[in-house]
Amino acid sequence: FVVEEKQSTSVMEQSSVLHLYPNPSSGVFNIGLEGEKQFKVYSLEGELVFSEISSQNQINLNDLSTGAYIIKVQSKGKMYSSKLMIGLK
């Protein structure tokens, strides 16, 4: 699959380490990053299904269906991404 997203002209530093737990979850995930974060969650088809800016270290995705998703988190000039699984509720 391909996720296309328009980025500003600023260069974002890519990092592969995102502490996201528990994974899989029933829909509530903890994020191991401090400060303000922009969350974007995509279906495996590349559709943006959730977007939020928050300084909280927890994200509630209970409204999403059971399945696999890609989460992208922007924080302090870095972009993190990970696969997340929402299990049976």
# chains A, B, ... in the order shown; residues from 1 in each chain; ligands from 1
call {"tool": "residues_around", "arguments": {"residues": "A:Ile31", "least_positions_apart": "6", "cutoff": "6 Å", "atoms": "only C-alpha atoms", "output": "list in words"}}
result
His19, Leu20, Asn57 and Gln58 of chain A
call {"tool": "write_last_selection", "arguments": {"atoms": "all heavy atoms", "output": "mmCIF file, in the first residue's frame"}}
result
data_model
loop_
_atom_site.group_PDB
_atom_site.id
_atom_site.type_symbol
_atom_site.label_atom_id
_atom_site.label_comp_id
_atom_site.auth_asym_id
_atom_site.auth_seq_id
_atom_site.Cartn_x
_atom_site.Cartn_y
_atom_site.Cartn_z
ATOM 1 N N HIS A 19 7.692 3.995 20.850
ATOM 2 C CA HIS A 19 7.253 3.146 21.953
ATOM 3 C C HIS A 19 5.740 3.270 22.076
ATOM 4 O O HIS A 19 5.227 4.238 22.611
ATOM 5 C CB HIS A 19 7.957 3.532 23.253
ATOM 6 C CG HIS A 19 9.436 3.408 23.159
ATOM 7 N ND1 HIS A 19 10.077 2.184 23.148
ATOM 8 C CD2 HIS A 19 10.408 4.343 23.045
ATOM 9 C CE1 HIS A 19 11.370 2.373 23.035
ATOM 10 N NE2 HIS A 19 11.602 3.671 22.970
ATOM 11 N N LEU A 20 5.037 2.271 21.528
ATOM 12 C CA LEU A 20 3.585 2.236 21.468
ATOM 13 C C LEU A 20 3.137 0.955 22.162
ATOM 14 O O LEU A 20 3.519 -0.139 21.740
ATOM 15 C CB LEU A 20 3.159 2.228 19.994
ATOM 16 C CG LEU A 20 1.693 2.081 19.670
ATOM 17 C CD1 LEU A 20 0.968 3.394 19.960
ATOM 18 C CD2 LEU A 20 1.534 1.720 18.203
ATOM 19 N N ASN A 57 -0.045 11.429 26.614
ATOM 20 C CA ASN A 57 0.749 10.258 26.238
ATOM 21 C C ASN A 57 -0.119 9.037 25.985
ATOM 22 O O ASN A 57 0.369 7.916 25.982
ATOM 23 C CB ASN A 57 1.785 9.947 27.317
ATOM 24 C CG ASN A 57 2.881 10.980 27.333
ATOM 25 O OD1 ASN A 57 3.115 11.658 26.348
ATOM 26 N ND2 ASN A 57 3.539 11.121 28.453
ATOM 27 N N GLN A 58 -1.414 9.277 25.773
ATOM 28 C CA GLN A 58 -2.333 8.189 25.500
ATOM 29 C C GLN A 58 -3.242 8.587 24.348
ATOM 30 O O GLN A 58 -3.634 9.741 24.236
ATOM 31 C CB GLN A 58 -3.172 7.894 26.743
ATOM 32 C CG GLN A 58 -3.928 6.584 26.686
ATOM 33 C CD GLN A 58 -4.563 6.280 28.021
ATOM 34 O OE1 GLN A 58 -5.540 6.921 28.388
ATOM 35 N NE2 GLN A 58 -4.009 5.319 28.751
#
call {"tool": "residues_around", "arguments": {"residues": "stretch 76-84 of chain A", "least_positions_apart": "6", "cutoff": "12 Å", "atoms": "only C-alpha atoms", "output": "NGL selection string"}}
result
:A and (3 or 7 or 10-44 or 55 or 59 or 61 or 64 or 66-70)
call {"tool": "select_by_dssp", "arguments": {"residues": "chain A", "states": "strand (DSSP E)", "output": "VMD selection string"}}
result
chain A and resid 13 to 15 20 to 21 28 to 31 37 to 43 48 to 54 58 to 60 67 to 75 78 to 86
call {"tool": "atom_distance", "arguments": {"atom1": "atom CA of A:Leu48", "atom2": "atom CA of A:Ser65"}}
result
13.5 Å
